[in-house]
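*Asks:* My structure is in structure07.cif, and what it holds is mmCIF, C-alpha atoms:
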```cif
data_protein
#
loop_
_atom_site.label_atom_id
_atom_site.label_comp_id
_atom_site.auth_asym_id
_atom_site.auth_seq_id
_atom_site.Cartn_x
_atom_site.Cartn_y
_atom_site.Cartn_z
CA MET A 1 34.56 1.25 32.71
CA GLU A 2 31.44 -0.88 32.97
CA THR A 3 30.57 -3.73 30.63
CA GLY A 4 27.11 -4.76 29.44
CA TYR A 5 25.93 -7.58 27.26
CA VAL A 6 23.62 -7.89 24.26
CA THR A 7 21.10 -10.74 24.40
CA SER A 8 20.11 -12.96 21.47
CA LYS A 9 17.08 -10.66 21.01
CA GLY A 10 19.32 -7.61 20.65
CA GLN A 11 18.52 -6.29 24.11
CA LEU A 12 21.27 -4.50 25.97
CA VAL A 13 21.89 -5.18 29.66
CA ILE A 14 23.02 -1.97 31.37
CA PRO A 15 25.00 -2.58 34.57
CA SER A 16 23.05 -1.75 37.76
CA LYS A 17 25.64 0.79 38.90
CA LEU A 18 25.01 2.87 35.77
CA ARG A 19 21.22 2.40 35.94
CA ARG A 20 21.22 3.81 39.47
CA LYS A 21 23.58 6.67 38.60
CA PHE A 22 21.51 7.83 35.63
CA GLY A 23 18.05 7.05 37.02
CA ILE A 24 17.23 4.33 34.51
CA LYS A 25 14.26 2.29 35.70
CA PRO A 26 12.09 -0.29 33.91
CA GLY A 27 10.22 1.52 31.16
CA THR A 28 12.68 4.42 30.91
CA ARG A 29 13.00 5.52 27.30
CA VAL A 30 16.53 5.86 25.93
CA ASN A 31 17.76 7.63 22.80
CA PHE A 32 20.53 6.16 20.67
CA PHE A 33 22.89 8.45 18.79
CA GLU A 34 25.31 7.20 16.18
CA GLU A 35 28.71 8.76 16.75
CA ARG A 36 31.83 8.51 14.65
CA ASP A 37 33.44 6.00 17.00
CA GLY A 38 30.41 4.25 18.51
CA ILE A 39 26.89 4.61 19.91
CA LYS A 40 25.84 7.08 22.59
CA ILE A 41 22.88 6.08 24.79
CA ILE A 42 21.02 8.89 26.56
CA PRO A 43 18.23 8.05 29.03
CA VAL A 44 15.16 10.28 28.74
CA THR A 45 14.39 10.98 32.39
CA ALA A 46 12.63 13.89 34.09
CA GLU A 47 16.05 15.37 34.81
CA THR A 48 17.02 15.16 31.13
CA ILE A 49 13.79 16.86 30.10
CA ASP A 50 14.20 19.60 32.74
CA ALA A 51 17.80 20.21 31.65
CA ASN A 52 16.70 20.73 28.04
CA LYS A 53 13.65 22.92 28.63
CA GLY A 54 13.77 26.12 26.67
CA PHE A 55 16.51 25.15 24.22
CA LEU A 56 14.24 26.10 21.29
CA GLN A 57 13.87 29.62 22.71
CA THR A 58 10.12 29.82 21.97
CA LYS A 59 9.34 31.46 25.33
CA GLY A 60 6.37 29.16 25.93
CA LYS A 61 4.66 29.66 22.54
CA LEU A 62 4.90 25.99 21.60
CA LEU A 63 3.61 24.88 25.00
CA LYS A 64 0.67 27.28 24.75
CA ALA A 65 -0.15 26.00 21.24
CA LEU A 66 -0.01 22.41 22.49
CA MET A 67 -2.24 23.18 25.48
CA ASP A 68 -4.76 24.98 23.22
CA GLU A 69 -4.83 21.99 20.88
CA LYS A 70 -5.38 19.59 23.80
CA LYS A 71 -8.22 21.78 25.08
CA LYS A 72 -9.91 21.67 21.66
CA GLU A 73 -9.55 17.87 21.55
CA ARG A 74 -11.19 17.52 24.97
CA GLU A 75 -14.16 19.63 23.87
CA LEU A 76 -14.92 17.22 21.01
#
```
Starting from the file, give its structure as structure tokens.
*Replies:*
Amino acid sequence: METGYVTSKGQLVIPSKLRRKFGIKPGTRVNFFEERDGIKIIPVTAETIDANKGFLQTKGKLLKALMDEKKKEREL
């Protein structure tokens, strides 16, 4: 078990061993989930995104719609 500390500004210090293990670098976004017995912190890294690709089962339709929208924005 690792222990971290909360600063007076409410910032959480994550031990370096865990930062290295989970690829948490300065600027890495983290998601907080309220659980019945505590808080779960999930780093949003490239690996996390890759692991969750396709979970909506849209077979690329949403990506295509997003890319089409971006293309329209660039033309303006």
*Asks:* Around (9.2, 10.4, 33.4) in the file's frame, which residues reach within 10 Å when counting all atoms listed in the file? Return as a list in words?
*Replies:*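 Result, sorted by chain then residue number: Lys25, Gly27, Thr28, Arg29, Val44, Thr45, Ala46, Glu47, Thr48 and Ile49 of chain A.
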*Asks:* Quick one: apply the PyMOL selection byres ((chain A and resi 41) around 6) to the file and drop the selected residues here as a ChimeraX atom specification.
*Replies:* /A:31-32,40,42
*Asks:* For the residues in the current selection, export C-alpha atoms as an mmCIF file, keeping the file's coordinate frame.
*Replies:*
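Result file is part_24.cif:
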```
data_model
loop_
_atom_site.group_PDB
_atom_site.id
_atom_site.type_symbol
_atom_site.label_atom_id
_atom_site.label_comp_id
_atom_site.auth_asym_id
_atom_site.auth_seq_id
_atom_site.Cartn_x
_atom_site.Cartn_y
_atom_site.Cartn_z
ATOM 1 C CA ASN A 31 17.760 7.630 22.800
ATOM 2 C CA PHE A 32 20.530 6.160 20.670
ATOM 3 C CA LYS A 40 25.840 7.080 22.590
ATOM 4 C CA ILE A 42 21.020 8.890 26.560
#
```
*Asks:* Check which residues satisfy the PyMOL selection byres ((chain A and resi 3) around 12) in the file shown, then give them as a PyMOL selection string.
*Replies:* chain A and resi 1-2+4-6+12-18
*Asks:* Using the selection just defined, write its residues with C-alpha atoms as a CSV table (one decimal), in the coordinates of the input.
*Replies:*
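The resulting file, part_36.csv, is reproduced below:
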```csv
chain,number,residue,atom,x,y,z
A,1,MET,CA,34.6,1.2,32.7
A,2,GLU,CA,31.4,-0.9,33.0
A,4,GLY,CA,27.1,-4.8,29.4
A,5,TYR,CA,25.9,-7.6,27.3
A,6,VAL,CA,23.6,-7.9,24.3
A,12,LEU,CA,21.3,-4.5,26.0
A,13,VAL,CA,21.9,-5.2,29.7
A,14,ILE,CA,23.0,-2.0,31.4
A,15,PRO,CA,25.0,-2.6,34.6
A,16,SER,CA,23.0,-1.8,37.8
A,17,LYS,CA,25.6,0.8,38.9
A,18,LEU,CA,25.0,2.9,35.8
```
*Asks:* Please indicate the distance in Å from atom CA of Phe22 of chain A to atom CA of Asn52 of chain A, rounded to one decimal place.
*Replies:*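 Taking atom CA of Phe22 of chain A as the start and atom CA of Asn52 of chain A as the end point, the length is 15.7 Å.
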*Asks:* Between atom CA of Ile39 of chain A and atom CA of Thr7 of chain A, what is the distance in Å, rounded to a tenth?
*Replies:*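 Straight-line distance from atom CA of Ile39 of chain A to atom CA of Thr7 of chain A works out to 17.0 Å.
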*Asks:* Hey, can you check how far atom CA of Gly38 of chain A sits from atom CA of Gln11 of chain A?
*Replies:*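 Atom CA of Gln11 of chain A lies 16.8 Å from atom CA of Gly38 of chain A.
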*Asks:* What would segment 26-52 of chain A look like with N, CA and C atoms in place, written as a compact mmCIF listing (two decimals), in the coordinates of the input?
*Replies:*
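So part18.txt came out as:
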```txt
# COMPACT_ATOMS: atom_id res chain seq x y z
N PRO A 26 12.86 0.41 34.95
CA PRO A 26 12.09 -0.29 33.91
C PRO A 26 11.10 0.66 33.24
N GLY A 27 11.11 0.66 31.92
CA GLY A 27 10.22 1.52 31.16
C GLY A 27 10.83 2.86 30.77
N THR A 28 12.03 3.17 31.27
CA THR A 28 12.68 4.42 30.91
C THR A 28 13.04 4.39 29.43
N ARG A 29 12.65 5.42 28.71
CA ARG A 29 13.00 5.52 27.30
C ARG A 29 14.45 5.96 27.18
N VAL A 30 15.15 5.44 26.19
CA VAL A 30 16.53 5.86 25.93
C VAL A 30 16.64 6.24 24.45
N ASN A 31 17.47 7.22 24.18
CA ASN A 31 17.76 7.63 22.80
C ASN A 31 19.14 7.11 22.43
N PHE A 32 19.26 6.65 21.19
CA PHE A 32 20.53 6.16 20.67
C PHE A 32 21.03 7.14 19.62
N PHE A 33 22.28 7.54 19.75
CA PHE A 33 22.89 8.45 18.79
C PHE A 33 24.11 7.77 18.19
N GLU A 34 24.15 7.76 16.87
CA GLU A 34 25.31 7.20 16.18
C GLU A 34 26.41 8.24 16.17
N GLU A 35 27.55 7.87 16.72
CA GLU A 35 28.71 8.76 16.75
C GLU A 35 29.77 8.19 15.81
N ARG A 36 30.76 8.96 15.55
CA ARG A 36 31.83 8.51 14.65
C ARG A 36 32.50 7.24 15.14
N ASP A 37 32.70 7.14 16.46
CA ASP A 37 33.44 6.00 17.00
C ASP A 37 32.57 5.03 17.81
N GLY A 38 31.25 5.18 17.76
CA GLY A 38 30.41 4.25 18.51
C GLY A 38 28.97 4.75 18.64
N ILE A 39 28.29 4.26 19.66
CA ILE A 39 26.89 4.61 19.91
C ILE A 39 26.79 5.28 21.27
N LYS A 40 26.08 6.38 21.33
CA LYS A 40 25.84 7.08 22.59
C LYS A 40 24.40 6.79 23.00
N ILE A 41 24.21 6.39 24.26
CA ILE A 41 22.88 6.08 24.79
C ILE A 41 22.54 7.13 25.84
N ILE A 42 21.44 7.85 25.64
CA ILE A 42 21.02 8.89 26.56
C ILE A 42 19.65 8.53 27.13
N PRO A 43 19.54 8.33 28.45
CA PRO A 43 18.23 8.05 29.03
C PRO A 43 17.37 9.31 29.02
N VAL A 44 16.09 9.16 28.72
CA VAL A 44 15.16 10.28 28.74
C VAL A 44 14.42 10.23 30.08
N THR A 45 14.98 10.94 31.05
CA THR A 45 14.39 10.98 32.39
C THR A 45 13.85 12.38 32.64
N ALA A 46 13.15 12.57 33.74
CA ALA A 46 12.63 13.89 34.09
C ALA A 46 13.77 14.90 34.18
N GLU A 47 14.90 14.48 34.69
CA GLU A 47 16.05 15.37 34.81
C GLU A 47 16.56 15.79 33.43
N THR A 48 16.59 14.85 32.48
CA THR A 48 17.02 15.16 31.13
C THR A 48 16.07 16.17 30.49
N ILE A 49 14.78 15.95 30.67
CA ILE A 49 13.79 16.86 30.10
C ILE A 49 13.93 18.25 30.73
N ASP A 50 14.05 18.31 32.05
CA ASP A 50 14.20 19.60 32.74
C ASP A 50 15.45 20.33 32.26
N ALA A 51 16.53 19.60 32.07
CA ALA A 51 17.80 20.21 31.65
C ALA A 51 17.72 20.79 30.24
N ASN A 52 16.80 20.28 29.42
CA ASN A 52 16.70 20.73 28.04
C ASN A 52 15.52 21.66 27.78
```
